[in-house]
>>> print(open('query_22.cif').read())   # mmCIF, C-alpha atoms
data_final
loop_
_atom_site.label_atom_id
_atom_site.label_comp_id
_atom_site.auth_asym_id
_atom_site.auth_seq_id
_atom_site.Cartn_x
_atom_site.Cartn_y
_atom_site.Cartn_z
CA ALA W 17 6.03 18.75 -10.73
CA LYS W 18 5.62 20.15 -14.22
CA LYS W 19 2.36 19.64 -16.07
CA SER W 20 2.62 17.07 -18.84
CA GLU W 21 2.05 18.34 -22.37
CA ALA W 22 2.07 16.79 -25.80
CA VAL W 23 5.23 17.41 -27.82
CA ARG W 24 4.48 20.00 -30.47
CA MET W 25 6.39 20.21 -33.73
CA PRO W 26 7.76 23.70 -34.50
CA GLN W 27 5.76 25.64 -37.09
CA SER W 28 8.84 25.96 -39.31
CA ALA W 29 8.94 22.17 -39.60
CA LEU W 30 5.22 21.94 -40.32
CA HIS W 31 5.53 24.20 -43.37
CA LYS W 32 8.14 21.85 -44.84
CA MET W 33 5.99 18.74 -44.50
CA PRO W 34 4.22 17.56 -47.70
CA LEU W 35 0.44 17.45 -47.51
CA LYS W 36 -1.36 14.31 -48.59
CA SER W 37 -5.00 14.64 -49.57
CA THR W 38 -7.36 11.78 -48.74
CA ARG W 39 -10.53 13.65 -49.67
CA GLN W 40 -12.88 11.93 -52.12
CA THR W 41 -16.21 12.84 -53.74
CA HIS W 42 -18.79 10.12 -53.18
CA GLY W 43 -21.58 9.42 -55.65
CA ALA W 44 -25.11 8.31 -54.91
CA THR W 45 -24.10 4.64 -54.97
CA GLY W 46 -21.67 5.22 -52.09
CA GLY W 47 -18.52 4.61 -54.11
CA ALA W 48 -15.87 7.19 -54.89
CA SER W 49 -16.74 9.08 -58.07
CA PRO W 50 -14.39 12.00 -58.61
CA ASN W 51 -15.48 14.55 -61.22
CA ASN W 52 -13.44 15.26 -64.32
CA SER W 53 -11.48 18.17 -62.81
CA THR W 54 -10.62 16.11 -59.72
CA ALA W 55 -9.46 13.19 -61.85
CA LYS W 56 -7.40 15.57 -63.99
CA ASN W 57 -5.78 17.09 -60.90
CA ASN W 58 -5.03 13.65 -59.49
CA LYS W 59 -3.41 12.63 -62.79
CA THR W 60 -1.30 15.80 -62.77
CA LEU W 61 -0.21 15.20 -59.18
CA ALA W 62 0.67 11.60 -60.02
CA GLY W 63 2.81 12.79 -62.91
CA ASP W 64 4.59 15.33 -60.68
CA SER W 65 5.17 12.64 -58.08
CA ASN W 66 6.71 10.30 -60.65
CA ARG W 67 9.01 13.06 -61.88
CA GLN W 68 10.08 13.86 -58.33
CA LYS W 69 10.86 10.21 -57.69
CA THR W 70 12.91 10.02 -60.87
CA HIS W 71 15.02 13.11 -60.18
CA MET W 72 15.12 12.98 -56.37
CA PRO W 73 18.73 13.23 -55.11
CA PRO W 74 19.99 10.66 -52.59
CA THR W 75 18.98 11.50 -49.05
CA LYS W 76 21.37 12.16 -46.18
CA TRP W 77 20.65 8.76 -44.67
CA ALA W 78 20.82 6.73 -47.88
CA VAL W 79 22.43 3.33 -47.46
CA LYS W 80 25.70 3.28 -49.39
CA SER W 81 27.10 -0.08 -48.32
CA GLY W 82 26.33 -2.51 -45.56
CA PRO W 83 23.70 -2.46 -42.83
CA LYS W 84 25.75 -0.20 -40.55
CA LEU W 85 24.95 2.78 -42.77
CA SER W 86 21.22 2.10 -42.86
CA ALA W 87 18.66 4.53 -41.49
CA TRP W 88 17.93 2.07 -38.70
CA ASN W 89 21.37 2.66 -37.19
CA LYS W 90 21.27 6.43 -37.73
CA GLN W 91 19.68 7.32 -34.40
CA GLY W 92 21.33 10.69 -33.88
CA SER W 93 24.58 11.70 -32.25
CA ASN W 94 25.09 12.23 -28.55
CA GLY W 95 25.08 15.99 -29.07
CA GLU W 96 21.79 15.85 -30.97
CA TRP W 97 20.09 13.85 -28.21
CA MET W 98 21.46 16.22 -25.57
CA ALA W 99 20.07 19.20 -27.49
CA PHE W 100 16.70 17.48 -27.97
CA VAL W 101 16.27 16.59 -24.29
CA LYS W 102 17.29 20.11 -23.25
CA PHE W 103 14.68 21.45 -25.68
CA LEU W 104 11.99 19.28 -24.06
CA GLU W 105 13.01 20.54 -20.63
CA ARG W 106 13.21 24.19 -21.70
CA GLU W 107 9.77 24.10 -23.37
CA GLU W 108 8.27 22.27 -20.35
CA LEU W 109 7.36 19.26 -22.49
CA THR W 110 8.27 16.71 -19.86
CA PRO W 111 7.55 14.04 -18.86
CA SER W 112 8.11 12.59 -22.33
CA VAL W 113 8.34 9.05 -23.67
CA ILE W 114 10.67 8.37 -26.61
CA PHE W 115 9.86 5.04 -28.24
CA SER W 116 12.32 2.76 -30.00
CA PHE W 117 11.92 -0.77 -31.34
CA SER W 118 15.36 -1.67 -30.02
CA LYS W 119 16.15 -2.38 -26.36
CA LYS W 120 19.82 -1.81 -27.12
CA LYS W 121 19.13 1.64 -28.57
CA CYS W 122 17.08 2.63 -25.52
CA GLU W 123 20.03 1.76 -23.29
CA GLU W 124 22.66 3.36 -25.52
CA ILE W 125 20.86 6.69 -25.80
CA ALA W 126 19.96 6.86 -22.11
CA LEU W 127 23.55 6.07 -21.07
CA SER W 128 24.89 8.72 -23.44
CA LEU W 129 22.98 11.35 -21.43
CA ARG W 130 24.74 10.58 -18.15
CA SER W 131 25.92 14.20 -17.87
CA LEU W 132 22.32 15.51 -17.82
CA ASP W 133 20.40 16.01 -14.57
CA LEU W 134 16.72 16.84 -15.07
CA ASN W 135 15.60 16.57 -11.44
CA THR W 136 15.80 19.16 -8.70
CA ALA W 137 17.59 18.42 -5.42
CA ALA W 138 14.26 17.68 -3.72
CA GLU W 139 13.22 15.32 -6.51
CA ARG W 140 16.58 13.52 -6.38
CA ALA W 141 16.13 12.98 -2.65
CA LEU W 142 12.67 11.45 -3.22
CA VAL W 143 13.95 9.17 -6.00
CA THR W 144 16.97 8.08 -3.94
CA SER W 145 14.75 7.15 -1.01
CA PHE W 146 12.36 5.20 -3.24
CA THR W 147 15.10 3.33 -5.11
CA GLU W 148 16.76 2.28 -1.85
CA TYR W 149 13.43 0.99 -0.57
CA THR W 150 12.83 -0.90 -3.83
CA ILE W 151 16.28 -2.51 -4.02
CA LYS W 152 15.80 -3.98 -0.54
CA ARG W 153 13.26 -6.33 -2.12
CA LEU W 154 16.02 -7.90 -4.24
CA SER W 155 18.46 -10.56 -3.12
CA VAL W 156 22.00 -9.49 -2.26
CA GLY W 157 23.29 -10.92 -5.54
CA ASP W 158 20.62 -9.26 -7.70
CA ALA W 159 21.04 -5.89 -5.98
CA THR W 160 24.60 -5.65 -7.29
CA LEU W 161 23.78 -6.44 -10.92
CA PRO W 162 25.09 -3.80 -13.40
CA GLN W 163 21.54 -3.29 -14.71
CA VAL W 164 20.25 -2.46 -11.22
CA ILE W 165 23.10 -0.08 -10.42
CA SER W 166 22.80 1.67 -13.80
CA THR W 167 19.02 2.07 -13.59
CA CYS W 168 19.12 3.45 -10.06
CA GLU W 169 21.75 5.99 -11.08
CA MET W 170 19.76 7.10 -14.15
CA VAL W 171 16.41 7.57 -12.42
CA LYS W 172 17.98 9.90 -9.86
CA ARG W 173 18.73 12.25 -12.77
CA GLY W 174 15.21 11.99 -14.20
CA ILE W 175 16.13 9.65 -17.08
CA ALA W 176 15.18 5.98 -17.46
CA THR W 177 14.62 3.07 -19.82
CA HIS W 178 11.73 0.62 -19.98
CA HIS W 179 11.87 -2.58 -22.05
CA GLY W 180 11.46 -6.33 -21.83
CA GLY W 181 15.07 -6.85 -20.80
CA LEU W 182 14.67 -5.08 -17.44
CA LEU W 183 13.99 -6.97 -14.24
CA PRO W 184 10.23 -6.85 -13.44
CA LEU W 185 10.95 -5.00 -10.20
CA LEU W 186 12.93 -2.34 -12.07
CA LYS W 187 10.15 -1.91 -14.63
CA GLU W 188 7.66 -1.44 -11.82
CA MET W 189 9.94 1.09 -10.13
CA VAL W 190 10.34 3.08 -13.37
CA GLU W 191 6.57 3.09 -13.97
CA ILE W 192 5.85 4.41 -10.47
CA LEU W 193 8.49 7.13 -10.68
CA PHE W 194 7.31 8.17 -14.15
CA SER W 195 3.68 8.37 -12.99
CA ARG W 196 4.82 10.77 -10.25
CA ASN W 197 6.71 13.00 -12.71
CA LEU W 198 10.05 12.06 -11.15
CA ILE W 199 11.29 10.69 -14.48
CA LYS W 200 11.32 13.41 -17.08
CA VAL W 201 12.49 11.49 -20.17
CA LEU W 202 11.83 7.81 -20.68
CA PHE W 203 13.31 5.71 -23.49
CA ALA W 204 11.00 2.74 -24.00
CA THR W 205 10.03 -0.01 -26.39
CA GLU W 206 6.42 -0.53 -27.46
CA THR W 207 5.76 -2.79 -24.44
CA PHE W 208 5.50 0.33 -22.25
CA ALA W 209 2.29 1.35 -24.05
CA MET W 210 0.52 -1.96 -23.35
CA GLY W 211 -2.05 -1.46 -20.59
CA VAL W 212 -0.18 1.38 -18.91
CA ASN W 213 -1.86 4.75 -18.24
CA MET W 214 0.89 7.34 -17.90
CA PRO W 215 0.95 11.15 -17.82
CA ALA W 216 3.01 11.78 -21.00
#
>>> encode(input="query_22.cif", output="structure tokens")
Amino acid sequence: AKKSEAVRMPQSALHKMPLKSTRQTHGATGGASPNNSTAKNNKTLAGDSNRQKTHMPPTKWAVKSGPKLSAWNKQGSNGEWMAFVKFLEREELTPSVIFSFSKKKCEEIALSLRSLDLNTAAERALVTSFTEYTIKRLSVGDATLPQVISTCEMVKRGIATHHGGLLPLLKEMVEILFSRNLIKVLFATETFAMGVNMPA
């Protein structure tokens, strides 16, 4: 299994990020007491910021009309997600957790990657054996639910989702597989971070 690492932003992207200073000069009384030059610099920066806001062109994701064009729904195309996941795999940045506030988005993105297989043949065999063992704990009716079939198919390829809409048994299965590095990319809501110690 590959060693888990934190996802690092490329240096080229870091140079483009604006820097925000939070440094203050504190006086003897404990309160912030910037000197004259600091106050002058802050005033100049504030003026520049106001000018930038006034003349800033509309962004790529600006909402033009209706909620469907909002930034919330602009979650990236299928090709962009494919390229991103391949980047994580190539740079050995897996296992990785990608958080979203939407259960629906977690499912949509994970399903769009059905052509990707991030596990080796040996890992797929281990996952298949474990999923079959897990599903035996479900009733005959529950074992044939679309959610169960879809999740079992995804985890064999090293991809999974984790959110409040999953059956508790499926969430437990995903957590165990992820902890053993058999799930390389996990799309999860914030509930995954509550009381769970995972390798990513």
>>> closest_residue(input="query_22.cif", among="W:Ala138, W:Val143, W:Val171, W:Val201", to="Phe100 of chain W", atoms="only C-alpha atoms")
W:Val201
>>> atom_distance(input="query_22.cif", atom1="atom CA of Phe115 of chain W", atom2="atom CA of Pro162 of chain W")
23.0 Å
>>> resolve_selection(input="query_22.cif", expression="the PyMOL selection byres ((chain W and resi 205) around 9)", output="list of chain:residue names")
W:Ile114, W:Phe115, W:Ser116, W:Phe117, W:Ser118, W:Lys119, W:Cys122, W:Thr177, W:His178, W:His179, W:Gly180, W:Phe203, W:Ala204, W:Glu206, W:Thr207, W:Phe208, W:Ala209
>>> resolve_selection(input="query_22.cif", expression="the PyMOL selection byres ((chain W and resi 185-197) around 10)", output="PyMOL selection string")
chain W and resi 17-20+110-113+135+139+142-143+146-147+150-151+153-154+163-164+167-168+171-172+174-184+198-202+208+212-216
>>> write_last_selection(input="query_22.cif", atoms="C-alpha atoms", output="JSON list (two decimals), in the frame of the given file")
[["chain", "number", "residue", "atom", "x", "y", "z"],
["W", 17, "ALA", "CA", 6.03, 18.75, -10.73],
["W", 18, "LYS", "CA", 5.62, 20.15, -14.22],
["W", 19, "LYS", "CA", 2.36, 19.64, -16.07],
["W", 20, "SER", "CA", 2.62, 17.07, -18.84],
["W", 110, "THR", "CA", 8.27, 16.71, -19.86],
["W", 111, "PRO", "CA", 7.55, 14.04, -18.86],
["W", 112, "SER", "CA", 8.11, 12.59, -22.33],
["W", 113, "VAL", "CA", 8.34, 9.05, -23.67],
["W", 135, "ASN", "CA", 15.60, 16.57, -11.44],
["W", 139, "GLU", "CA", 13.22, 15.32, -6.51],
["W", 142, "LEU", "CA", 12.67, 11.45, -3.22],
["W", 143, "VAL", "CA", 13.95, 9.17, -6.00],
["W", 146, "PHE", "CA", 12.36, 5.20, -3.24],
["W", 147, "THR", "CA", 15.10, 3.33, -5.11],
["W", 150, "THR", "CA", 12.83, -0.90, -3.83],
["W", 151, "ILE", "CA", 16.28, -2.51, -4.02],
["W", 153, "ARG", "CA", 13.26, -6.33, -2.12],
["W", 154, "LEU", "CA", 16.02, -7.90, -4.24],
["W", 163, "GLN", "CA", 21.54, -3.29, -14.71],
["W", 164, "VAL", "CA", 20.25, -2.46, -11.22],
["W", 167, "THR", "CA", 19.02, 2.07, -13.59],
["W", 168, "CYS", "CA", 19.12, 3.45, -10.06],
["W", 171, "VAL", "CA", 16.41, 7.57, -12.42],
["W", 172, "LYS", "CA", 17.98, 9.90, -9.86],
["W", 174, "GLY", "CA", 15.21, 11.99, -14.20],
["W", 175, "ILE", "CA", 16.13, 9.65, -17.08],
["W", 176, "ALA", "CA", 15.18, 5.98, -17.46],
["W", 177, "THR", "CA", 14.62, 3.07, -19.82],
["W", 178, "HIS", "CA", 11.73, 0.62, -19.98],
["W", 179, "HIS", "CA", 11.87, -2.58, -22.05],
["W", 180, "GLY", "CA", 11.46, -6.33, -21.83],
["W", 181, "GLY", "CA", 15.07, -6.85, -20.80],
["W", 182, "LEU", "CA", 14.67, -5.08, -17.44],
["W", 183, "LEU", "CA", 13.99, -6.97, -14.24],
["W", 184, "PRO", "CA", 10.23, -6.85, -13.44],
["W", 198, "LEU", "CA", 10.05, 12.06, -11.15],
["W", 199, "ILE", "CA", 11.29, 10.69, -14.48],
["W", 200, "LYS", "CA", 11.32, 13.41, -17.08],
["W", 201, "VAL", "CA", 12.49, 11.49, -20.17],
["W", 202, "LEU", "CA", 11.83, 7.81, -20.68],
["W", 208, "PHE", "CA", 5.50, 0.33, -22.25],
["W", 212, "VAL", "CA", -0.18, 1.38, -18.91],
["W", 213, "ASN", "CA", -1.86, 4.75, -18.24],
["W", 214, "MET", "CA", 0.89, 7.34, -17.90],
["W", 215, "PRO", "CA", 0.95, 11.15, -17.82],
["W", 216, "ALA", "CA", 3.01, 11.78, -21.00]]
>>> atom_distance(input="query_22.cif", atom1="atom CA of Glu169 of chain W", atom2="atom CA of Ala126 of chain W")
11.2 Å
>>> resolve_selection(input="query_22.cif", expression="the PyMOL selection byres ((chain W and resi 94) around 8)", output="PyMOL selection string")
chain W and resi 92-93+95-98+125+128-129
>>> atom_distance(input="query_22.cif", atom1="atom CA of Ala141 of chain W", atom2="atom CA of Arg173 of chain W")
10.5 Å
>>> axis_aligned_box(input="query_22.cif", around="segment 106-122 of chain W", padding_each_side="3 Å", output="JSON")
{"center_x": 13.6, "center_y": 10.9, "center_z": -25.1, "size_x": 18.5, "size_y": 32.6, "size_z": 18.5}
